[in-house]
$ cat start_8.cif   # mmCIF, C-alpha atoms
data_start
loop_
_atom_site.group_PDB
_atom_site.id
_atom_site.type_symbol
_atom_site.label_atom_id
_atom_site.label_comp_id
_atom_site.auth_asym_id
_atom_site.auth_seq_id
_atom_site.Cartn_x
_atom_site.Cartn_y
_atom_site.Cartn_z
ATOM 1 C CA MET A 945 295.313 -96.632 188.673
ATOM 2 C CA ASN A 946 298.955 -97.549 188.299
ATOM 3 C CA ASN A 947 301.780 -97.851 185.782
ATOM 4 C CA LYS A 948 299.879 -100.582 183.970
ATOM 5 C CA THR A 949 296.891 -98.360 183.239
ATOM 6 C CA ARG A 950 297.089 -97.807 179.473
ATOM 7 C CA VAL A 951 295.782 -94.652 177.823
ATOM 8 C CA LEU A 952 295.291 -94.489 174.058
ATOM 9 C CA VAL A 953 295.290 -90.885 172.798
ATOM 10 C CA ILE A 954 293.877 -90.395 169.287
ATOM 11 C CA ASP A 955 294.423 -86.867 167.961
ATOM 12 C CA ASP A 956 296.003 -85.506 164.776
ATOM 13 C CA ASP A 957 297.568 -82.586 166.665
ATOM 14 C CA VAL A 958 301.038 -83.772 167.688
ATOM 15 C CA ASN A 959 301.430 -80.960 170.227
ATOM 16 C CA ILE A 960 298.199 -81.868 171.989
ATOM 17 C CA CYS A 961 299.196 -85.533 172.071
ATOM 18 C CA GLU A 962 302.526 -84.687 173.648
ATOM 19 C CA LEU A 963 300.875 -82.353 176.176
ATOM 20 C CA ILE A 964 298.476 -85.113 177.217
ATOM 21 C CA ARG A 965 301.338 -87.617 177.344
ATOM 22 C CA LEU A 966 303.351 -85.304 179.616
ATOM 23 C CA TYR A 967 300.536 -84.910 182.146
ATOM 24 C CA MET A 968 299.370 -88.518 182.015
ATOM 25 C CA GLU A 969 302.837 -90.037 182.412
ATOM 26 C CA LYS A 970 303.443 -87.704 185.337
ATOM 27 C CA GLU A 971 300.430 -89.382 186.996
ATOM 28 C CA GLY A 972 301.830 -92.852 186.302
ATOM 29 C CA PHE A 973 299.847 -93.773 183.184
ATOM 30 C CA GLU A 974 301.279 -95.562 180.174
ATOM 31 C CA VAL A 975 300.432 -93.518 177.050
ATOM 32 C CA VAL A 976 300.282 -94.451 173.373
ATOM 33 C CA THR A 977 299.464 -91.766 170.792
ATOM 34 C CA VAL A 978 297.959 -92.202 167.329
ATOM 35 C CA TYR A 979 297.331 -89.443 164.789
ATOM 36 C CA ASN A 980 295.076 -91.255 162.296
ATOM 37 C CA GLY A 981 291.567 -92.625 162.862
ATOM 38 C CA SER A 982 291.974 -95.736 160.708
ATOM 39 C CA LYS A 983 295.295 -96.604 162.332
ATOM 40 C CA ALA A 984 293.767 -96.011 165.755
ATOM 41 C CA LEU A 985 291.463 -99.016 165.443
ATOM 42 C CA GLU A 986 294.414 -101.292 164.671
ATOM 43 C CA VAL A 987 296.303 -99.965 167.701
ATOM 44 C CA PHE A 988 293.212 -100.290 169.885
ATOM 45 C CA ARG A 989 292.878 -103.987 169.078
ATOM 46 C CA SER A 990 296.539 -104.752 169.638
ATOM 47 C CA MET A 991 297.089 -102.510 172.665
ATOM 48 C CA ALA A 992 293.893 -103.234 174.666
ATOM 49 C CA PRO A 993 293.928 -99.846 176.461
ATOM 50 C CA ASN A 994 292.139 -99.137 179.727
ATOM 51 C CA ILE A 995 290.763 -95.837 178.428
ATOM 52 C CA VAL A 996 290.666 -93.885 175.150
ATOM 53 C CA ILE A 997 290.958 -90.117 174.662
ATOM 54 C CA LEU A 998 289.474 -89.456 171.241
ATOM 55 C CA ASP A 999 289.465 -86.367 169.004
ATOM 56 C CA ILE A 1000 286.641 -85.936 166.468
ATOM 57 C CA MET A 1001 288.379 -84.325 163.498
ATOM 58 C CA LEU A 1002 290.797 -87.027 162.318
ATOM 59 C CA PRO A 1003 292.249 -88.164 158.993
ATOM 60 C CA GLY A 1004 291.397 -91.683 157.830
ATOM 61 C CA ALA A 1005 288.289 -92.116 159.970
ATOM 62 C CA ASP A 1006 286.747 -89.398 162.124
ATOM 63 C CA GLY A 1007 286.127 -89.690 165.852
ATOM 64 C CA TRP A 1008 282.463 -90.596 165.379
ATOM 65 C CA GLN A 1009 283.428 -93.599 163.238
ATOM 66 C CA VAL A 1010 286.184 -94.656 165.629
ATOM 67 C CA CYS A 1011 283.817 -94.470 168.617
ATOM 68 C CA ARG A 1012 281.193 -96.556 166.795
ATOM 69 C CA GLU A 1013 283.748 -99.237 165.951
ATOM 70 C CA ILE A 1014 285.141 -99.336 169.487
ATOM 71 C CA ARG A 1015 281.653 -99.754 170.926
ATOM 72 C CA LYS A 1016 281.015 -102.738 168.682
ATOM 73 C CA ILE A 1017 283.796 -104.669 170.391
ATOM 74 C CA SER A 1018 284.420 -103.057 173.779
ATOM 75 C CA ASN A 1019 282.914 -101.183 176.746
ATOM 76 C CA ILE A 1020 286.262 -99.559 177.568
ATOM 77 C CA PRO A 1021 285.768 -95.894 178.624
ATOM 78 C CA VAL A 1022 286.037 -93.244 175.907
ATOM 79 C CA ILE A 1023 286.516 -89.524 176.534
ATOM 80 C CA MET A 1024 285.884 -87.389 173.462
ATOM 81 C CA LEU A 1025 288.113 -84.348 173.109
ATOM 82 C CA SER A 1026 287.185 -81.812 170.466
ATOM 83 C CA ALA A 1027 286.999 -78.199 169.381
ATOM 84 C CA LYS A 1028 283.406 -78.942 168.348
ATOM 85 C CA GLY A 1029 281.597 -77.530 171.367
ATOM 86 C CA GLU A 1030 278.046 -77.342 170.035
ATOM 87 C CA THR A 1031 275.351 -79.126 172.018
ATOM 88 C CA PHE A 1032 274.572 -81.354 169.017
ATOM 89 C CA ASP A 1033 278.155 -82.641 168.934
ATOM 90 C CA LYS A 1034 278.214 -83.328 172.661
ATOM 91 C CA VAL A 1035 274.898 -85.172 172.540
ATOM 92 C CA LEU A 1036 276.018 -87.200 169.524
ATOM 93 C CA GLY A 1037 279.222 -88.192 171.303
ATOM 94 C CA LEU A 1038 277.276 -89.459 174.304
ATOM 95 C CA GLU A 1039 274.722 -91.239 172.133
ATOM 96 C CA LEU A 1040 277.541 -93.097 170.386
ATOM 97 C CA GLY A 1041 278.722 -94.384 173.745
ATOM 98 C CA ALA A 1042 281.311 -91.858 174.922
ATOM 99 C CA ASP A 1043 281.647 -91.620 178.717
ATOM 100 C CA ASP A 1044 282.651 -87.951 178.799
ATOM 101 C CA TYR A 1045 283.180 -85.020 176.417
ATOM 102 C CA LEU A 1046 285.730 -82.237 176.900
ATOM 103 C CA VAL A 1047 285.902 -79.162 174.668
ATOM 104 C CA LYS A 1048 289.174 -77.667 173.395
ATOM 105 C CA PRO A 1049 290.933 -75.637 174.562
ATOM 106 C CA PHE A 1050 291.091 -77.572 177.810
ATOM 107 C CA GLU A 1051 293.071 -77.614 181.031
ATOM 108 C CA PRO A 1052 295.327 -80.714 181.118
ATOM 109 C CA LYS A 1053 294.726 -81.102 184.845
ATOM 110 C CA GLU A 1054 290.968 -81.230 184.249
ATOM 111 C CA LEU A 1055 291.467 -83.940 181.625
ATOM 112 C CA VAL A 1056 293.568 -85.972 184.071
ATOM 113 C CA ALA A 1057 290.856 -85.587 186.731
ATOM 114 C CA ARG A 1058 288.166 -86.728 184.293
ATOM 115 C CA VAL A 1059 290.228 -89.722 183.217
ATOM 116 C CA LYS A 1060 290.610 -90.805 186.837
ATOM 117 C CA ALA A 1061 286.891 -90.262 187.551
ATOM 118 C CA VAL A 1062 285.780 -92.261 184.510
ATOM 119 C CA LEU A 1063 288.183 -95.101 185.367
ATOM 120 C CA ARG A 1064 286.894 -95.208 188.963
ATOM 121 C CA ARG A 1065 283.313 -95.528 187.735
ATOM 122 C CA TYR A 1066 284.284 -98.198 185.231
ATOM 123 C CA GLU A 1067 286.276 -100.232 187.763
ATOM 124 C CA HIS A 1068 283.483 -100.022 190.330
ATOM 125 C CA LYS A 1069 280.932 -100.992 187.709
ATOM 126 C CA ASP A 1070 282.809 -104.190 186.885
ATOM 127 C CA SER A 1071 283.711 -105.120 190.458
ATOM 128 C CA ASP A 1072 280.915 -107.671 190.992
ATOM 129 C CA VAL A 1073 277.981 -109.349 189.310
ATOM 130 C CA GLN A 1074 275.139 -106.937 188.681
ATOM 131 C CA GLU A 1075 271.855 -108.415 187.509
ATOM 132 C CA ILE A 1076 268.215 -107.398 187.856
ATOM 133 C CA VAL A 1077 265.375 -109.813 187.171
ATOM 134 C CA TYR A 1078 261.734 -108.925 186.469
ATOM 135 C CA PRO A 1079 259.070 -111.073 184.805
ATOM 136 C CA ASN A 1080 260.211 -111.500 181.164
ATOM 137 C CA LEU A 1081 263.117 -109.101 181.708
ATOM 138 C CA ILE A 1082 266.706 -109.834 182.787
ATOM 139 C CA ILE A 1083 269.275 -107.020 182.800
ATOM 140 C CA ASN A 1084 272.864 -108.078 183.426
ATOM 141 C CA LYS A 1085 275.337 -105.207 183.699
ATOM 142 C CA THR A 1086 278.306 -107.493 184.361
ATOM 143 C CA ASN A 1087 278.390 -108.927 180.863
ATOM 144 C CA TYR A 1088 276.079 -106.306 179.285
ATOM 145 C CA THR A 1089 273.306 -108.636 178.219
ATOM 146 C CA LEU A 1090 269.573 -108.113 178.250
ATOM 147 C CA LYS A 1091 266.802 -110.661 177.743
ATOM 148 C CA VAL A 1092 263.195 -109.800 176.979
ATOM 149 C CA ASN A 1093 260.680 -112.657 176.948
ATOM 150 C CA GLY A 1094 263.608 -115.087 177.046
ATOM 151 C CA LYS A 1095 265.216 -113.619 173.935
ATOM 152 C CA GLU A 1096 268.611 -111.932 174.171
ATOM 153 C CA MET A 1097 268.649 -108.478 172.585
ATOM 154 C CA GLU A 1098 271.479 -106.150 171.619
ATOM 155 C CA PHE A 1099 271.604 -102.796 173.382
ATOM 156 C CA PRO A 1100 274.325 -100.105 173.254
ATOM 157 C CA PRO A 1101 276.145 -99.824 176.617
ATOM 158 C CA LYS A 1102 274.614 -96.518 177.676
ATOM 159 C CA GLU A 1103 271.066 -97.649 176.901
ATOM 160 C CA LEU A 1104 271.573 -100.762 179.011
ATOM 161 C CA GLU A 1105 273.162 -98.750 181.845
ATOM 162 C CA LEU A 1106 270.246 -96.292 181.822
ATOM 163 C CA LEU A 1107 267.691 -99.100 181.939
ATOM 164 C CA TYR A 1108 269.664 -100.899 184.662
ATOM 165 C CA PHE A 1109 269.764 -97.773 186.824
ATOM 166 C CA LEU A 1110 266.047 -97.066 186.475
ATOM 167 C CA ALA A 1111 265.119 -100.720 187.035
ATOM 168 C CA SER A 1112 267.343 -100.734 190.141
ATOM 169 C CA ASN A 1113 265.070 -98.049 191.580
ATOM 170 C CA PRO A 1114 261.531 -99.164 190.686
ATOM 171 C CA ASN A 1115 258.760 -96.546 190.841
ATOM 172 C CA LYS A 1116 261.229 -93.811 191.769
ATOM 173 C CA VAL A 1117 261.169 -90.703 189.568
ATOM 174 C CA PHE A 1118 264.455 -89.197 188.350
ATOM 175 C CA THR A 1119 264.980 -85.892 186.577
ATOM 176 C CA ARG A 1120 266.969 -85.859 183.351
ATOM 177 C CA GLU A 1121 269.813 -84.117 185.161
ATOM 178 C CA GLN A 1122 269.905 -86.827 187.833
ATOM 179 C CA LEU A 1123 270.028 -89.516 185.159
ATOM 180 C CA LEU A 1124 272.879 -87.752 183.378
ATOM 181 C CA GLU A 1125 274.825 -87.615 186.619
ATOM 182 C CA GLN A 1126 274.096 -91.215 187.642
ATOM 183 C CA VAL A 1127 274.511 -92.923 184.260
ATOM 184 C CA TRP A 1128 276.985 -90.695 182.434
ATOM 185 C CA GLY A 1129 278.738 -89.626 185.630
ATOM 186 C CA PHE A 1130 278.649 -85.877 185.162
ATOM 187 C CA ASP A 1131 276.256 -82.964 184.622
ATOM 188 C CA PHE A 1132 276.174 -82.536 180.868
ATOM 189 C CA TYR A 1133 275.868 -78.746 180.934
ATOM 190 C CA GLY A 1134 272.178 -78.973 181.726
ATOM 191 C CA ASP A 1135 271.345 -80.450 178.302
ATOM 192 C CA SER A 1136 268.984 -83.397 178.634
ATOM 193 C CA ARG A 1137 268.204 -84.311 175.034
ATOM 194 C CA THR A 1138 270.465 -87.349 175.183
ATOM 195 C CA VAL A 1139 268.342 -88.840 178.004
ATOM 196 C CA ASP A 1140 265.153 -88.376 175.971
ATOM 197 C CA VAL A 1141 266.751 -90.044 172.936
ATOM 198 C CA HIS A 1142 267.924 -93.039 174.971
ATOM 199 C CA ILE A 1143 264.503 -93.464 176.642
ATOM 200 C CA LYS A 1144 262.776 -93.331 173.253
ATOM 201 C CA ARG A 1145 265.074 -96.033 171.852
ATOM 202 C CA LEU A 1146 264.631 -98.231 174.911
ATOM 203 C CA ARG A 1147 260.844 -98.052 174.630
ATOM 204 C CA GLU A 1148 260.943 -98.978 170.956
ATOM 205 C CA LYS A 1149 263.071 -102.046 171.650
ATOM 206 C CA LEU A 1150 261.470 -103.229 174.895
ATOM 207 C CA ASP A 1151 257.807 -103.141 173.768
ATOM 208 C CA SER A 1152 256.493 -103.443 177.333
ATOM 209 C CA GLU A 1153 252.843 -103.870 176.342
ATOM 210 C CA GLY A 1154 251.280 -106.569 178.508
ATOM 211 C CA GLN A 1155 254.179 -106.522 180.977
ATOM 212 C CA ASN A 1156 253.869 -105.461 184.616
ATOM 213 C CA TRP A 1157 256.736 -103.002 184.091
ATOM 214 C CA GLN A 1158 257.310 -100.057 181.783
ATOM 215 C CA LEU A 1159 259.424 -96.945 181.275
ATOM 216 C CA LYS A 1160 257.099 -94.101 182.138
ATOM 217 C CA THR A 1161 257.357 -90.357 181.619
ATOM 218 C CA VAL A 1162 256.402 -88.199 184.594
ATOM 219 C CA TRP A 1163 255.534 -84.972 182.825
ATOM 220 C CA GLY A 1164 257.399 -81.936 184.090
ATOM 221 C CA VAL A 1165 259.740 -84.088 186.179
ATOM 222 C CA GLY A 1166 261.505 -86.924 184.354
ATOM 223 C CA TYR A 1167 261.279 -90.716 184.061
ATOM 224 C CA LYS A 1168 260.728 -93.806 186.159
ATOM 225 C CA PHE A 1169 260.718 -97.585 185.788
ATOM 226 C CA GLU A 1170 257.159 -98.345 186.848
ATOM 227 C CA VAL A 1171 256.316 -101.725 188.309
ATOM 228 C CA LYS A 1172 252.632 -102.541 188.795
#

$ encode --input "start_8.cif" --output "structure tokens"
Amino acid sequence: MNNKTRVLVIDDDVNICELIRLYMEKEGFEVVTVYNGSKALEVFRSMAPNIVILDIMLPGADGWQVCREIRKISNIPVIMLSAKGETFDKVLGLELGADDYLVKPFEPKELVARVKAVLRRYEHKDSDVQEIVYPNLIINKTNYTLKVNGKEMEFPPKELELLYFLASNPNKVFTREQLLEQVWGFDFYGDSRTVDVHIKRLREKLDSEGQNWQLKTVWGVGYKFEVK
């Protein structure tokens, strides 16, 4: 992280934006603030930030919409920042592709620490070519592509990352909490519903019938990528 690391802060609360700017610039980040969801997407495209801090309740387009649109064009890290602290909101944020979720009111120093942690994971993730090959299955986490039976399929980033992690550790069982920590990078307050949702979607898309691999539930424990 250095002076060229660009942070895009999207929040309609001017005071919060300035507070974040103060702490981030003190750590050497370049900060741009936007107060409107629709405008934020324009700035995102022109600015090409290294990370986005995104509020949910926004005029123009809410944070959910903004996150969806960002994920259509970029894998850049997104940290959602919101007063909406219900489990449903946190799970939804992660399902949409957010890398972290922080509830208001928050400690600015904790936000800075999370930004640095997410950026470290992202930079490490992109540092070299990462590809796993199984019969009729190729998972490439460098360019986020996945081929099943020779056909390229579209997968949201977190689904692909979850599959990549499990396939990197064949026949090893992981609890939901371990998967949250390894794939999302933090313990999501013990709530594991987001893992179940992602596994369900992966199974529906992969259709592993007849293959020598499958995503398998180990009842009472968690999940594994089983190779026969």

$ resolve_selection --input "start_8.cif" --expression "the PyMOL selection byres ((chain A and resi 1044) around 8)" --output "list in words"
Val1022, Ile1023, Met1024, Leu1038, Ala1042, Asp1043, Tyr1045, Leu1046, Arg1058, Val1062, Trp1128 and Phe1130 of chain A

$ write_last_selection --input "start_8.cif" --atoms "C-alpha atoms" --output "short mmCIF file (atom, residue, chain, number, x, y, z; two decimals), keeping the file's coordinate frame"
data_model
loop_
_atom_site.label_atom_id
_atom_site.label_comp_id
_atom_site.auth_asym_id
_atom_site.auth_seq_id
_atom_site.Cartn_x
_atom_site.Cartn_y
_atom_site.Cartn_z
CA VAL A 1022 286.04 -93.24 175.91
CA ILE A 1023 286.52 -89.52 176.53
CA MET A 1024 285.88 -87.39 173.46
CA LEU A 1038 277.28 -89.46 174.30
CA ALA A 1042 281.31 -91.86 174.92
CA ASP A 1043 281.65 -91.62 178.72
CA TYR A 1045 283.18 -85.02 176.42
CA LEU A 1046 285.73 -82.24 176.90
CA ARG A 1058 288.17 -86.73 184.29
CA VAL A 1062 285.78 -92.26 184.51
CA TRP A 1128 276.98 -90.70 182.43
CA PHE A 1130 278.65 -85.88 185.16
#

$ resolve_selection --input "start_8.cif" --expression "the PyMOL selection byres ((chain A and resi 1039) around 12)" --output "PDB file with C-alpha atoms, in the frame of the given file"
ATOM      1  CA  TRP A1008     282.463 -90.596 165.379  1.00  0.00           C
ATOM      2  CA  CYS A1011     283.817 -94.470 168.617  1.00  0.00           C
ATOM      3  CA  ARG A1012     281.193 -96.556 166.795  1.00  0.00           C
ATOM      4  CA  ARG A1015     281.653 -99.754 170.926  1.00  0.00           C
ATOM      5  CA  MET A1024     285.884 -87.389 173.462  1.00  0.00           C
ATOM      6  CA  PHE A1032     274.572 -81.354 169.017  1.00  0.00           C
ATOM      7  CA  ASP A1033     278.155 -82.641 168.934  1.00  0.00           C
ATOM      8  CA  LYS A1034     278.214 -83.328 172.661  1.00  0.00           C
ATOM      9  CA  VAL A1035     274.898 -85.172 172.540  1.00  0.00           C
ATOM     10  CA  LEU A1036     276.018 -87.200 169.524  1.00  0.00           C
ATOM     11  CA  GLY A1037     279.222 -88.192 171.303  1.00  0.00           C
ATOM     12  CA  LEU A1038     277.276 -89.459 174.304  1.00  0.00           C
ATOM     13  CA  LEU A1040     277.541 -93.097 170.386  1.00  0.00           C
ATOM     14  CA  GLY A1041     278.722 -94.384 173.745  1.00  0.00           C
ATOM     15  CA  ALA A1042     281.311 -91.858 174.922  1.00  0.00           C
ATOM     16  CA  ASP A1043     281.647 -91.620 178.717  1.00  0.00           C
ATOM     17  CA  ASP A1044     282.651 -87.951 178.799  1.00  0.00           C
ATOM     18  CA  TYR A1045     283.180 -85.020 176.417  1.00  0.00           C
ATOM     19  CA  PRO A1100     274.325-100.105 173.254  1.00  0.00           C
ATOM     20  CA  PRO A1101     276.145 -99.824 176.617  1.00  0.00           C
ATOM     21  CA  LYS A1102     274.614 -96.518 177.676  1.00  0.00           C
ATOM     22  CA  GLU A1103     271.066 -97.649 176.901  1.00  0.00           C
ATOM     23  CA  LEU A1106     270.246 -96.292 181.822  1.00  0.00           C
ATOM     24  CA  LEU A1124     272.879 -87.752 183.378  1.00  0.00           C
ATOM     25  CA  TRP A1128     276.985 -90.695 182.434  1.00  0.00           C
ATOM     26  CA  SER A1136     268.984 -83.397 178.634  1.00  0.00           C
ATOM     27  CA  ARG A1137     268.204 -84.311 175.034  1.00  0.00           C
ATOM     28  CA  THR A1138     270.465 -87.349 175.183  1.00  0.00           C
ATOM     29  CA  VAL A1139     268.342 -88.840 178.004  1.00  0.00           C
ATOM     30  CA  ASP A1140     265.153 -88.376 175.971  1.00  0.00           C
ATOM     31  CA  VAL A1141     266.751 -90.044 172.936  1.00  0.00           C
ATOM     32  CA  HIS A1142     267.924 -93.039 174.971  1.00  0.00           C
ATOM     33  CA  ILE A1143     264.503 -93.464 176.642  1.00  0.00           C
ATOM     34  CA  ARG A1145     265.074 -96.033 171.852  1.00  0.00           C
TER      35      ARG A1145
END

$ closest_atom_pairs --input "start_8.cif" --of "segment 992-1017 of chain A" --to "segment 967-975 of chain A" --cutoff "10 Å" --atoms "all atoms listed in the file" --output "JSON lines"
{"residue": "A:Pro993", "atom": "CA", "partner": "A:Val975", "partner_atom": "CA", "distance": 9.1}
{"residue": "A:Asn994", "atom": "CA", "partner": "A:Glu974", "partner_atom": "CA", "distance": 9.8}
{"residue": "A:Val996", "atom": "CA", "partner": "A:Val975", "partner_atom": "CA", "distance": 10.0}

$ resolve_selection --input "start_8.cif" --expression "the PyMOL selection byres ((chain A and resi 1088) around 10)" --output "number ranges by chain"
A: 1019, 1074-1075, 1083-1087, 1089-1090, 1098-1101, 1104-1105, 1108

$ write_last_selection --input "start_8.cif" --atoms "C-alpha atoms" --output "CSV table (one decimal), in the frame of the given file"
chain,number,residue,atom,x,y,z
A,1019,ASN,CA,282.9,-101.2,176.7
A,1074,GLN,CA,275.1,-106.9,188.7
A,1075,GLU,CA,271.9,-108.4,187.5
A,1083,ILE,CA,269.3,-107.0,182.8
A,1084,ASN,CA,272.9,-108.1,183.4
A,1085,LYS,CA,275.3,-105.2,183.7
A,1086,THR,CA,278.3,-107.5,184.4
A,1087,ASN,CA,278.4,-108.9,180.9
A,1089,THR,CA,273.3,-108.6,178.2
A,1090,LEU,CA,269.6,-108.1,178.2
A,1098,GLU,CA,271.5,-106.2,171.6
A,1099,PHE,CA,271.6,-102.8,173.4
A,1100,PRO,CA,274.3,-100.1,173.3
A,1101,PRO,CA,276.1,-99.8,176.6
A,1104,LEU,CA,271.6,-100.8,179.0
A,1105,GLU,CA,273.2,-98.8,181.8
A,1108,TYR,CA,269.7,-100.9,184.7

$ residues_around --input "start_8.cif" --residues "segment 956-961 of chain A" --least-positions-apart "2" --cutoff "9 Å" --atoms "all atoms listed in the file" --output "PyMOL selection string"
chain A and resi 953-954+963-966+977-981+999+1001-1003

$ write_last_selection --input "start_8.cif" --atoms "C-alpha atoms" --output "PDB file, keeping the file's coordinate frame"
ATOM      1  CA  VAL A 953     295.290 -90.885 172.798  1.00  0.00           C
ATOM      2  CA  ILE A 954     293.877 -90.395 169.287  1.00  0.00           C
ATOM      3  CA  LEU A 963     300.875 -82.353 176.176  1.00  0.00           C
ATOM      4  CA  ILE A 964     298.476 -85.113 177.217  1.00  0.00           C
ATOM      5  CA  ARG A 965     301.338 -87.617 177.344  1.00  0.00           C
ATOM      6  CA  LEU A 966     303.351 -85.304 179.616  1.00  0.00           C
ATOM      7  CA  THR A 977     299.464 -91.766 170.792  1.00  0.00           C
ATOM      8  CA  VAL A 978     297.959 -92.202 167.329  1.00  0.00           C
ATOM      9  CA  TYR A 979     297.331 -89.443 164.789  1.00  0.00           C
ATOM     10  CA  ASN A 980     295.076 -91.255 162.296  1.00  0.00           C
ATOM     11  CA  GLY A 981     291.567 -92.625 162.862  1.00  0.00           C
ATOM     12  CA  ASP A 999     289.465 -86.367 169.004  1.00  0.00           C
ATOM     13  CA  MET A1001     288.379 -84.325 163.498  1.00  0.00           C
ATOM     14  CA  LEU A1002     290.797 -87.027 162.318  1.00  0.00           C
ATOM     15  CA  PRO A1003     292.249 -88.164 158.993  1.00  0.00           C
TER      16      PRO A1003
END

$ atom_distance --input "start_8.cif" --atom1 "atom CA of Lys1144 of chain A" --atom2 "atom CA of Ile1014 of chain A"
23.5 Å

$ atom_distance --input "start_8.cif" --atom1 "atom CA of Glu1030 of chain A" --atom2 "atom CA of Arg1120 of chain A"
19.3 Å
